[in-house]
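Chemist: Below is the file data.tsv, which contains TSV, C-alpha atoms.
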```tsv
chain	number	residue	atom	x	y	z
A	1	MET	CA	0.00	0.00	0.00
A	2	SER	CA	1.04	3.61	-0.53
A	3	LYS	CA	2.51	5.80	2.25
A	4	ARG	CA	-0.69	7.84	2.31
A	5	LYS	CA	-2.81	4.75	2.96
A	6	ILE	CA	-0.51	3.64	5.79
A	7	TYR	CA	-0.59	7.14	7.32
A	8	SER	CA	-4.39	7.09	7.16
A	9	LEU	CA	-4.68	3.64	8.74
A	10	SER	CA	-2.14	4.53	11.47
A	11	TYR	CA	-4.05	7.68	12.37
A	12	PHE	CA	-7.16	5.65	13.23
A	13	LEU	CA	-5.30	2.83	15.01
A	14	GLY	CA	-3.74	4.94	17.76
A	15	ARG	CA	-7.06	6.60	18.59
A	16	SER	CA	-9.40	3.61	18.57
A	17	PHE	CA	-9.51	2.92	22.33
A	18	PHE	CA	-10.22	6.51	23.33
A	19	LEU	CA	-13.97	6.33	22.87
A	20	GLY	CA	-15.30	5.97	26.41
A	21	PHE	CA	-12.50	3.75	27.69
A	22	GLY	CA	-9.19	5.58	27.27
A	23	TYR	CA	-9.96	9.04	28.59
A	24	SER	CA	-12.42	8.06	31.32
A	25	VAL	CA	-10.11	5.42	32.85
A	26	ILE	CA	-6.98	7.60	32.87
A	27	LEU	CA	-8.84	10.71	34.05
A	28	TYR	CA	-10.52	8.72	36.81
A	29	TYR	CA	-7.21	7.57	38.32
A	30	THR	CA	-4.99	10.61	37.76
A	31	ASN	CA	-7.44	13.52	37.45
A	32	LYS	CA	-5.93	16.81	36.27
A	33	ASP	CA	-2.41	15.32	36.14
A	34	SER	CA	-3.49	12.96	33.36
A	35	TRP	CA	-1.70	15.11	30.78
A	36	ILE	CA	1.61	14.00	32.36
A	37	CYS	CA	0.59	10.36	31.84
A	38	PHE	CA	-0.30	11.19	28.22
A	39	LEU	CA	3.21	12.54	27.58
A	40	LEU	CA	5.09	9.82	29.47
A	41	GLY	CA	2.86	7.17	27.90
A	42	THR	CA	3.73	8.51	24.45
A	43	LEU	CA	7.46	8.14	25.21
A	44	LEU	CA	6.93	4.54	26.30
A	45	GLY	CA	4.68	3.97	23.29
A	46	ILE	CA	7.48	5.17	20.98
A	47	ILE	CA	9.72	2.37	22.31
A	48	LEU	CA	7.02	-0.24	21.61
A	49	ILE	CA	6.32	1.23	18.16
A	50	TYR	CA	10.05	1.16	17.40
A	51	GLY	CA	10.00	-2.58	18.15
A	52	ILE	CA	7.03	-3.10	15.80
A	53	SER	CA	8.78	-1.01	13.10
A	54	LYS	CA	11.94	-3.12	13.32
A	55	ILE	CA	9.92	-6.34	13.05
A	56	LYS	CA	8.05	-4.99	10.04
A	57	LYS	CA	11.40	-4.07	8.45
A	58	TRP	CA	12.62	-7.66	8.91
A	59	MET	CA	9.37	-8.97	7.42
A	60	GLY	CA	9.44	-6.72	4.35
A	61	GLU	CA	6.20	-7.09	2.44
A	62	LYS	CA	5.59	-10.62	3.68
A	63	THR	CA	2.54	-11.49	5.74
A	64	LEU	CA	3.02	-12.89	9.23
A	65	LYS	CA	2.27	-16.40	7.97
A	66	GLU	CA	4.86	-16.14	5.18
A	67	TYR	CA	7.53	-14.70	7.49
A	68	LEU	CA	7.12	-17.45	10.09
A	69	ASN	CA	7.19	-20.36	7.63
A	70	GLU	CA	10.77	-21.34	8.43
A	71	ASN	CA	10.11	-21.92	12.15
A	72	LYS	CA	7.11	-24.22	12.57
A	73	ILE	CA	7.02	-24.20	16.40
A	74	LEU	CA	7.17	-20.43	16.80
A	75	LYS	CA	4.90	-20.03	13.78
A	76	TYR	CA	1.94	-21.73	15.46
A	77	ILE	CA	2.57	-20.05	18.82
A	78	ILE	CA	2.81	-16.54	17.33
A	79	LEU	CA	-0.08	-17.00	14.89
A	80	THR	CA	-2.29	-18.32	17.70
A	81	LEU	CA	-1.42	-15.35	19.89
A	82	PHE	CA	-1.95	-12.96	16.99
A	83	MET	CA	-5.34	-14.53	16.24
A	84	PHE	CA	-6.47	-14.22	19.86
A	85	PHE	CA	-5.18	-10.64	19.99
A	86	ASN	CA	-7.27	-9.72	16.94
A	87	LEU	CA	-10.33	-11.54	18.29
A	88	TYR	CA	-9.96	-9.75	21.62
A	89	LEU	CA	-9.70	-6.39	19.85
A	90	LEU	CA	-12.77	-7.18	17.77
A	91	SER	CA	-14.88	-8.13	20.78
A	92	GLN	CA	-13.87	-5.02	22.75
A	93	LEU	CA	-14.24	-2.59	19.83
A	94	PHE	CA	-17.62	-3.97	18.80
A	95	PHE	CA	-18.71	-3.55	22.41
A	96	ILE	CA	-17.32	0.02	22.61
A	97	LEU	CA	-19.05	1.04	19.38
A	98	GLU	CA	-22.36	-0.56	20.34
A	99	THR	CA	-22.30	1.00	23.83
A	100	PHE	CA	-21.57	4.49	22.49
A	101	ALA	CA	-24.25	4.25	19.79
A	102	SER	CA	-26.88	2.99	22.25
A	103	SER	CA	-25.96	5.69	24.79
A	104	PHE	CA	-26.25	8.73	22.51
A	105	PHE	CA	-27.73	7.93	19.11
A	106	LEU	CA	-30.01	4.87	19.22
A	107	ILE	CA	-31.11	4.95	22.85
A	108	TYR	CA	-34.23	2.82	22.48
A	109	SER	CA	-32.90	0.44	19.83
A	110	PRO	CA	-32.11	-3.18	20.75
A	111	THR	CA	-28.46	-4.22	20.69
A	112	PHE	CA	-28.83	-6.61	17.75
A	113	PHE	CA	-30.38	-3.82	15.64
A	114	ILE	CA	-27.28	-1.65	16.18
A	115	LEU	CA	-24.78	-4.47	15.62
A	116	ILE	CA	-26.18	-6.09	12.45
A	117	PRO	CA	-25.23	-3.26	10.02
A	118	ILE	CA	-21.79	-2.88	11.65
A	119	PHE	CA	-21.02	-6.60	11.27
A	120	TYR	CA	-22.33	-6.58	7.70
A	121	LEU	CA	-20.14	-3.61	6.71
A	122	ILE	CA	-17.06	-5.20	8.30
A	123	TYR	CA	-17.71	-8.44	6.43
A	124	ARG	CA	-18.11	-6.62	3.10
A	125	ILE	CA	-14.96	-4.54	3.55
A	126	THR	CA	-12.80	-7.54	4.43
A	127	ASN	CA	-13.92	-9.29	1.24
A	128	LYS	CA	-11.93	-6.67	-0.69
A	129	GLY	CA	-8.79	-6.87	1.48
A	130	TRP	CA	-6.12	-4.30	2.34
A	131	GLN	CA	-6.49	-2.09	-0.73
A	132	SER	CA	-10.17	-1.50	-0.03
A	133	ILE	CA	-9.52	-0.77	3.66
A	134	GLY	CA	-6.70	1.59	2.69
A	135	ARG	CA	-8.88	3.51	0.21
A	136	ILE	CA	-11.65	3.96	2.78
A	137	ALA	CA	-9.08	5.19	5.33
A	138	GLU	CA	-7.75	7.69	2.76
A	139	ILE	CA	-11.25	9.15	2.38
A	140	PHE	CA	-12.11	9.25	6.09
A	141	MET	CA	-8.78	10.39	7.53
A	142	PRO	CA	-8.70	14.02	6.17
A	143	ILE	CA	-12.34	14.48	7.21
A	144	SER	CA	-11.67	13.17	10.71
A	145	PHE	CA	-8.44	15.15	11.13
A	146	ALA	CA	-10.08	18.40	9.96
A	147	ILE	CA	-13.02	17.96	12.35
A	148	VAL	CA	-10.65	17.24	15.26
A	149	LEU	CA	-8.55	20.37	14.57
A	150	LEU	CA	-11.67	22.51	14.12
A	151	SER	CA	-13.13	21.21	17.39
A	152	ILE	CA	-9.89	21.98	19.24
A	153	ALA	CA	-9.82	25.52	17.80
A	154	ILE	CA	-13.46	26.19	18.78
A	155	LEU	CA	-13.20	24.69	22.29
A	156	THR	CA	-9.86	26.21	23.32
A	157	PRO	CA	-11.43	29.53	24.53
A	158	TYR	CA	-13.63	27.53	26.94
A	159	GLY	CA	-10.59	26.15	28.78
A	160	THR	CA	-8.67	27.74	31.67
A	161	THR	CA	-5.14	26.97	32.90
A	162	ASP	CA	-6.07	27.19	36.61
A	163	LYS	CA	-7.84	23.81	36.29
A	164	PHE	CA	-4.42	22.14	36.00
A	165	LEU	CA	-3.22	23.49	39.38
A	166	PRO	CA	-1.71	22.30	41.66
A	167	ILE	CA	0.48	20.02	39.53
A	168	MET	CA	1.69	16.57	40.58
A	169	ASN	CA	-0.51	15.91	43.60
A	170	GLN	CA	-1.74	12.47	42.45
A	171	ASN	CA	-0.79	9.03	43.72
A	172	THR	CA	2.54	7.87	42.18
A	173	TYR	CA	1.25	4.33	41.63
A	174	ASN	CA	-1.75	5.65	39.70
A	175	MET	CA	0.53	7.86	37.61
A	176	ILE	CA	2.73	4.90	36.63
A	177	LYS	CA	-0.30	2.70	35.97
A	178	CYS	CA	-1.97	5.28	33.71
A	179	THR	CA	1.28	5.92	31.86
A	180	LEU	CA	1.33	2.22	30.98
A	181	PHE	CA	-2.38	2.32	30.15
A	182	PHE	CA	-1.86	5.18	27.69
A	183	ALA	CA	1.13	3.45	26.06
A	184	PHE	CA	-0.79	0.18	25.61
A	185	TYR	CA	-4.01	1.84	24.45
A	186	THR	CA	-2.21	3.79	21.73
A	187	SER	CA	0.57	1.41	20.58
A	188	SER	CA	-0.96	-2.09	20.72
A	189	PRO	CA	-3.34	-1.56	17.74
A	190	PHE	CA	-0.26	-0.94	15.55
A	191	LEU	CA	0.43	-4.68	15.75
A	192	LEU	CA	-2.45	-5.01	13.29
A	193	LEU	CA	-0.16	-3.59	10.59
A	194	LEU	CA	2.12	-6.64	10.72
A	195	ASN	CA	0.05	-8.17	7.91
A	196	ALA	CA	-0.17	-4.96	5.90
A	197	PRO	CA	1.62	-4.98	2.51
A	198	MET	CA	3.75	-1.87	2.98
A	199	LYS	CA	7.28	-0.79	2.12
A	200	ASP	CA	7.37	2.16	4.54
A	201	ASN	CA	7.87	0.76	8.05
A	202	LYS	CA	8.65	4.09	9.78
A	203	LEU	CA	5.73	3.95	12.16
A	204	ILE	CA	6.97	6.34	14.87
A	205	ARG	CA	6.00	9.55	13.05
A	206	LYS	CA	2.62	8.02	12.21
A	207	TYR	CA	2.18	7.09	15.87
A	208	LEU	CA	3.02	10.66	16.94
A	209	LEU	CA	0.44	12.08	14.51
A	210	SER	CA	-2.24	9.86	16.05
A	211	THR	CA	-1.27	10.37	19.70
A	212	GLY	CA	-0.78	14.12	19.15
A	213	THR	CA	-4.52	14.54	18.57
A	214	ILE	CA	-5.30	12.38	21.63
A	215	ILE	CA	-3.03	14.46	23.87
A	216	LEU	CA	-4.47	17.77	22.63
A	217	ILE	CA	-8.04	16.62	23.22
A	218	GLY	CA	-7.10	15.16	26.63
A	219	ILE	CA	-5.58	18.47	27.73
A	220	LEU	CA	-8.66	20.26	26.41
A	221	ILE	CA	-10.97	17.96	28.41
A	222	ILE	CA	-9.16	18.89	31.64
A	223	ALA	CA	-9.08	22.61	30.77
A	224	VAL	CA	-12.79	22.76	29.92
A	225	LEU	CA	-14.36	20.39	32.47
A	226	GLY	CA	-12.00	20.77	35.42
A	227	PRO	CA	-10.87	18.22	38.05
A	228	ASN	CA	-14.34	17.41	39.38
A	229	LEU	CA	-16.35	16.85	36.20
A	230	ILE	CA	-13.67	14.81	34.40
A	231	GLN	CA	-14.12	12.02	36.97
A	232	ILE	CA	-17.91	11.95	36.64
A	233	TYR	CA	-18.45	11.61	32.90
A	234	ARG	CA	-18.05	8.28	31.16
A	235	TYR	CA	-17.56	10.02	27.80
A	236	PRO	CA	-15.72	13.26	28.70
A	237	GLU	CA	-14.58	13.70	25.08
A	238	TYR	CA	-18.24	13.78	24.04
A	239	MET	CA	-19.33	16.09	26.87
A	240	ILE	CA	-16.93	18.89	25.90
A	241	LEU	CA	-18.33	18.77	22.35
A	242	LYS	CA	-21.67	19.90	23.78
A	243	LYS	CA	-20.17	23.35	24.18
A	244	ILE	CA	-19.70	23.75	20.43
A	245	LYS	CA	-22.17	26.09	18.77
A	246	VAL	CA	-22.16	27.23	15.16
A	247	PHE	CA	-23.11	30.89	14.60
A	248	GLN	CA	-24.34	30.91	18.24
A	249	PHE	CA	-27.63	29.24	17.37
A	250	LEU	CA	-26.92	25.83	15.82
A	251	GLU	CA	-26.69	23.39	18.74
A	252	LYS	CA	-26.37	19.60	19.14
A	253	VAL	CA	-23.32	19.80	16.87
A	254	GLU	CA	-21.65	17.15	19.07
A	255	ASN	CA	-23.62	14.40	17.32
A	256	ILE	CA	-21.98	15.34	14.02
A	257	VAL	CA	-18.50	15.99	15.42
A	258	SER	CA	-18.42	12.72	17.39
A	259	ILE	CA	-18.49	10.82	14.09
A	260	THR	CA	-14.67	11.03	14.24
A	261	TRP	CA	-14.59	8.69	17.25
A	262	ILE	CA	-16.89	6.23	15.50
A	263	LEU	CA	-14.62	6.24	12.44
A	264	ASP	CA	-11.59	5.44	14.65
A	265	VAL	CA	-13.26	2.32	16.03
A	266	PHE	CA	-14.78	1.30	12.70
A	267	MET	CA	-11.50	1.43	10.77
A	268	THR	CA	-9.67	-0.54	13.47
A	269	LEU	CA	-12.45	-3.13	13.39
A	270	ALA	CA	-12.00	-3.50	9.63
A	271	ILE	CA	-8.22	-3.99	9.92
A	272	SER	CA	-8.53	-6.46	12.80
A	273	ALA	CA	-11.24	-8.48	11.05
A	274	ASN	CA	-9.11	-8.64	7.90
A	275	ASN	CA	-6.21	-10.02	9.98
A	276	VAL	CA	-8.46	-12.72	11.42
A	277	LYS	CA	-9.52	-13.70	7.93
A	278	MET	CA	-5.88	-13.80	6.72
A	279	THR	CA	-4.79	-15.97	9.67
A	280	LEU	CA	-7.53	-18.57	9.12
A	281	PRO	CA	-6.80	-21.61	6.90
A	282	LYS	CA	-7.49	-21.00	3.19
A	283	LYS	CA	-9.80	-24.01	3.01
A	284	LYS	CA	-13.35	-22.93	3.96
A	285	ASN	CA	-12.00	-19.48	4.86
A	286	LYS	CA	-15.27	-17.62	4.30
A	287	ILE	CA	-17.36	-20.10	6.28
A	288	LEU	CA	-14.93	-20.02	9.24
A	289	PHE	CA	-14.80	-16.21	9.13
A	290	LEU	CA	-18.60	-15.92	9.10
A	291	GLY	CA	-18.76	-18.35	12.03
A	292	ILE	CA	-16.32	-16.23	14.03
A	293	LEU	CA	-18.28	-13.04	13.29
A	294	ALA	CA	-21.50	-14.76	14.38
A	295	CYS	CA	-19.89	-15.85	17.67
A	296	LEU	CA	-18.61	-12.32	18.28
A	297	PHE	CA	-22.08	-10.95	17.53
A	298	PHE	CA	-23.69	-13.02	20.29
A	299	LEU	CA	-20.77	-12.41	22.67
A	300	VAL	CA	-21.13	-8.63	22.40
A	301	ILE	CA	-24.89	-8.87	22.98
A	302	TYR	CA	-24.19	-10.98	26.08
A	303	LEU	CA	-21.55	-8.56	27.43
A	304	GLY	CA	-23.85	-5.59	26.87
A	305	ASN	CA	-26.40	-7.05	29.28
A	306	ILE	CA	-24.00	-7.67	32.19
A	307	TYR	CA	-22.91	-4.43	33.84
A	308	TYR	CA	-20.23	-5.81	36.20
A	309	ILE	CA	-18.36	-7.38	33.26
A	310	GLU	CA	-18.45	-4.02	31.54
A	311	LEU	CA	-16.86	-2.36	34.60
A	312	GLU	CA	-14.13	-5.00	34.83
A	313	MET	CA	-13.30	-4.48	31.16
A	314	TYR	CA	-12.34	-0.89	31.96
A	315	THR	CA	-9.61	-2.09	34.32
A	316	PHE	CA	-8.31	-5.15	32.51
A	317	LEU	CA	-8.48	-3.98	28.88
A	318	PRO	CA	-5.12	-2.10	28.73
A	319	LEU	CA	-3.37	-4.83	30.74
A	320	VAL	CA	-4.54	-7.54	28.33
A	321	LEU	CA	-3.63	-5.38	25.32
A	322	GLY	CA	-0.17	-4.71	26.74
A	323	SER	CA	0.45	-8.38	27.58
A	324	PHE	CA	-0.41	-9.44	24.03
A	325	GLU	CA	1.71	-6.64	22.56
A	326	VAL	CA	4.88	-7.27	24.60
A	327	LEU	CA	4.66	-11.06	24.21
A	328	ILE	CA	4.17	-10.95	20.42
A	329	ILE	CA	7.02	-8.44	19.99
A	330	LEU	CA	9.41	-10.54	22.11
A	331	LEU	CA	8.51	-13.77	20.28
A	332	LEU	CA	9.02	-12.13	16.89
A	333	ILE	CA	12.41	-10.79	18.00
A	334	LEU	CA	13.29	-14.33	19.15
A	335	CYS	CA	12.19	-15.66	15.77
A	336	HIS	CA	14.46	-13.13	14.01
A	337	VAL	CA	17.45	-14.06	16.22
A	338	ILE	CA	16.95	-17.77	15.46
A	339	LYS	CA	16.70	-17.03	11.72
A	340	LYS	CA	19.91	-15.01	11.88
A	341	LYS	CA	21.80	-17.80	13.63
A	342	ILE	CA	20.57	-20.36	11.08
A	343	ASN	CA	21.69	-18.13	8.19
A	344	ILE	CA	25.15	-17.60	9.73
A	345	SER	CA	25.67	-21.31	10.32
```
As structure tokens, how would this structure be written, given the file I've shared?

Modeler:
Amino acid sequence: MSKRKIYSLSYFLGRSFFLGFGYSVILYYTNKDSWICFLLGTLLGIILIYGISKIKKWMGEKTLKEYLNENKILKYIILTLFMFFNLYLLSQLFFILETFASSFFLIYSPTFFILIPIFYLIYRITNKGWQSIGRIAEIFMPISFAIVLLSIAILTPYGTTDKFLPIMNQNTYNMIKCTLFFAFYTSSPFLLLLNAPMKDNKLIRKYLLSTGTIILIGILIIAVLGPNLIQIYRYPEYMILKKIKVFQFLEKVENIVSITWILDVFMTLAISANNVKMTLPKKKNKILFLGILACLFFLVIYLGNIYYIELEMYTFLPLVLGSFEVLIILLLILCHVIKKKINIS
């Protein structure tokens, strides 16, 4: 794929877990000092992204399956982990998208009614593969980026610097935990690009573009809402959008502007679903893929009806994402070291 397609896909990947989950969790634990966690988390995320970039450089334009062909033992271990990682992402992102839609747009609609068109669109997009996903990202990315910048420009006058004071009065443990959370939320979805046919593997600048918008909006949330309100709202990024008015009389603009968050989740869903399809055996691929989507459909409906599971997901999501990410990176580095030793001998 072209550099522009990869930039577009990367932009959505880093932002996908900041609809409801990312901001609310970090703001809950670290309050007005969350911006420090955003910055430190970005630095840690850069290290993880550098590891993914190096692996992608070793792989070239090969898929994960093709790259691992020489080492059968590690191949099955890594592909199994990668499959479960993608399935976990799919289940969580479907749940995030369904919860957001049912909370603000389709309040009285049953869960299955919201999920059916999403699952259908994901299935259709994955039938066309990476090029189709890349073209859609190219169309959506400039629209999303422009809306984000415009929102920041409009909302900045509503913020005040005194809401950040005093600085550094939060629990050290919570600060470290949320730094890790931010790093895992933003960097782990970049693993999805391991199967992408791309020549440009310089992912750090793409990561910074994506996280830059997250940090700016996070700082804006604190500046506008203040230390008390940021811990109350489940969707603080949506609540600040309520302040946007066009020409002082057009209200409810937040429903249009929040489409950017939906696009983030949707594009990541498409990439993850495509990876699942690529990892499945070629024989009866479509039937297996449809079966997996059907299972995810019923799983998300089940999760949506159990509130305590939903609350636990808030705590465990970044830890599970980070565990998958670190383990897959380490195993792929081990695979490269083994390959190098075999070639030397």

Chemist: Taking a cut-off of 9 Å and counting only C-alpha atoms, can you build a table that, for each residue of region 68-185 of chain A near region 265-273 of chain A, reports the nearest atom pair and how far apart they are in Å (one decimal), sorted by chain then residue number, as JSON lines?

Modeler:
```
{"residue": "A:Phe85", "atom": "CA", "partner": "A:Ser272", "partner_atom": "CA", "distance": 9.0}
{"residue": "A:Asn86", "atom": "CA", "partner": "A:Ser272", "partner_atom": "CA", "distance": 5.4}
{"residue": "A:Leu87", "atom": "CA", "partner": "A:Ser272", "partner_atom": "CA", "distance": 7.7}
{"residue": "A:Leu89", "atom": "CA", "partner": "A:Ser272", "partner_atom": "CA", "distance": 7.1}
{"residue": "A:Leu90", "atom": "CA", "partner": "A:Leu269", "partner_atom": "CA", "distance": 6.0}
{"residue": "A:Leu93", "atom": "CA", "partner": "A:Val265", "partner_atom": "CA", "distance": 6.3}
{"residue": "A:Phe94", "atom": "CA", "partner": "A:Leu269", "partner_atom": "CA", "distance": 7.5}
{"residue": "A:Ile96", "atom": "CA", "partner": "A:Val265", "partner_atom": "CA", "distance": 8.1}
{"residue": "A:Leu97", "atom": "CA", "partner": "A:Val265", "partner_atom": "CA", "distance": 6.8}
{"residue": "A:Ile118", "atom": "CA", "partner": "A:Phe266", "partner_atom": "CA", "distance": 8.2}
{"residue": "A:Leu121", "atom": "CA", "partner": "A:Ala270", "partner_atom": "CA", "distance": 8.6}
{"residue": "A:Ile122", "atom": "CA", "partner": "A:Ala270", "partner_atom": "CA", "distance": 5.5}
{"residue": "A:Tyr123", "atom": "CA", "partner": "A:Ala273", "partner_atom": "CA", "distance": 8.0}
{"residue": "A:Ile125", "atom": "CA", "partner": "A:Ala270", "partner_atom": "CA", "distance": 6.8}
{"residue": "A:Thr126", "atom": "CA", "partner": "A:Ala270", "partner_atom": "CA", "distance": 6.6}
{"residue": "A:Gly129", "atom": "CA", "partner": "A:Ile271", "partner_atom": "CA", "distance": 8.9}
{"residue": "A:Trp130", "atom": "CA", "partner": "A:Ile271", "partner_atom": "CA", "distance": 7.9}
{"residue": "A:Ile133", "atom": "CA", "partner": "A:Ala270", "partner_atom": "CA", "distance": 7.0}
{"residue": "A:Ile136", "atom": "CA", "partner": "A:Met267", "partner_atom": "CA", "distance": 8.4}
{"residue": "A:Ala137", "atom": "CA", "partner": "A:Met267", "partner_atom": "CA", "distance": 7.0}
```

Chemist: Report the distance between CA of Ser10 (chain A) and CA of Ile176 (chain A) in Å, rounded to one decimal place.

Modeler: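 According to the coordinates, CA of Ser10 (chain A) and CA of Ile176 (chain A) are separated by 25.6 Å.
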
Chemist: Kindly indicate which residue among A:Ser109, A:Thr315, A:Asn127, A:Gln231 lies nearest to Lys277 (chain A), using only C-alpha atoms for the distances.

Modeler: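 When distances to Lys277 (chain A) are compared using only C-alpha atoms, the smallest one comes from A:Asn127.
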
Chemist: Region 189-195 of chain A: which residues within 7 Å, counting all atoms listed in the file, same-chain residues fewer than 2 positions away excluded, as a list in words?

Modeler: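 Non-adjacent residues within range: Leu13, Gly14, Ile52, Lys56, Thr63, Leu64, Thr186, Ser187, Pro197, Ile271, Ser272 and Asn275 of chain A.
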
Chemist: Is it possible to get the residues within 8 Å of (1.1, 5.3, 8.2) (coordinates as in the file, counting only C-alpha atoms) written as JSON, numbers by chain?

Modeler: {"A": [3, 4, 5, 6, 7, 8, 9, 10, 11, 200, 202, 203, 206, 207]}

Chemist: For CA of Phe324 (chain A) and CA of Phe84 (chain A), quote the distance in Å rounded to one decimal.

Modeler: 8.8 Å

Chemist: Do you have the CA of Thr211 (chain A)-CA of Arg15 (chain A) distance handy?

Modeler: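 Separation of CA of Thr211 (chain A) and CA of Arg15 (chain A): 7.0 Å.
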
Chemist: Identify the residues around (11.3, -14.0, 12.2) within a radius of 9 Å, measuring from all atoms listed in the file in the coordinates stated by the file, and give them as a PDB file with C-alpha atoms, keeping the file's coordinate frame.

Modeler:
```pdb
ATOM      1  CA  ILE A  55       9.920  -6.340  13.050  1.00  0.00           C
ATOM      2  CA  TRP A  58      12.620  -7.660   8.910  1.00  0.00           C
ATOM      3  CA  MET A  59       9.370  -8.970   7.420  1.00  0.00           C
ATOM      4  CA  LEU A  64       3.020 -12.890   9.230  1.00  0.00           C
ATOM      5  CA  TYR A  67       7.530 -14.700   7.490  1.00  0.00           C
ATOM      6  CA  LEU A  68       7.120 -17.450  10.090  1.00  0.00           C
ATOM      7  CA  ASN A  69       7.190 -20.360   7.630  1.00  0.00           C
ATOM      8  CA  GLU A  70      10.770 -21.340   8.430  1.00  0.00           C
ATOM      9  CA  ASN A  71      10.110 -21.920  12.150  1.00  0.00           C
ATOM     10  CA  LEU A  74       7.170 -20.430  16.800  1.00  0.00           C
ATOM     11  CA  LYS A  75       4.900 -20.030  13.780  1.00  0.00           C
ATOM     12  CA  LEU A 331       8.510 -13.770  20.280  1.00  0.00           C
ATOM     13  CA  LEU A 332       9.020 -12.130  16.890  1.00  0.00           C
ATOM     14  CA  ILE A 333      12.410 -10.790  18.000  1.00  0.00           C
ATOM     15  CA  LEU A 334      13.290 -14.330  19.150  1.00  0.00           C
ATOM     16  CA  CYS A 335      12.190 -15.660  15.770  1.00  0.00           C
ATOM     17  CA  HIS A 336      14.460 -13.130  14.010  1.00  0.00           C
ATOM     18  CA  VAL A 337      17.450 -14.060  16.220  1.00  0.00           C
ATOM     19  CA  ILE A 338      16.950 -17.770  15.460  1.00  0.00           C
ATOM     20  CA  LYS A 339      16.700 -17.030  11.720  1.00  0.00           C
ATOM     21  CA  LYS A 340      19.910 -15.010  11.880  1.00  0.00           C
TER      22      LYS A 340
END
```

Chemist: Taking into account only C-alpha atoms, which residue in the set A:Ile47, A:Val148, A:Val25, A:Met278 is nearest to Phe181 (chain A)?

Modeler: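 For Phe181 (chain A), the nearest of the given residues is A:Val25.
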
Chemist: From the set A:Cys178, A:Leu216, A:Thr42, A:Tyr108, which residue has the shortest atom-to-atom contact distance to Ala153 (chain A), counting all atoms listed in the file?

Modeler: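 Closest candidate: A:Leu216.
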
Chemist: Report as lines of an AutoDock Vina configuration file the centre and the edge lengths, in Å to one decimal, of the axis-aligned box holding every listed atom of region 42-47 of chain A, padded by 4 Å on each side.

Modeler:
```
center_x = 6.7
center_y = 5.4
center_z = 23.6
size_x = 14.0
size_y = 14.1
size_z = 13.3
```

Chemist: Which one is closest to Met198 (chain A): A:Ile230, A:Ile217, A:Met1, A:Ile240? Count only C-alpha atoms.

Modeler: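 The closest residue to Met198 (chain A) is A:Met1.
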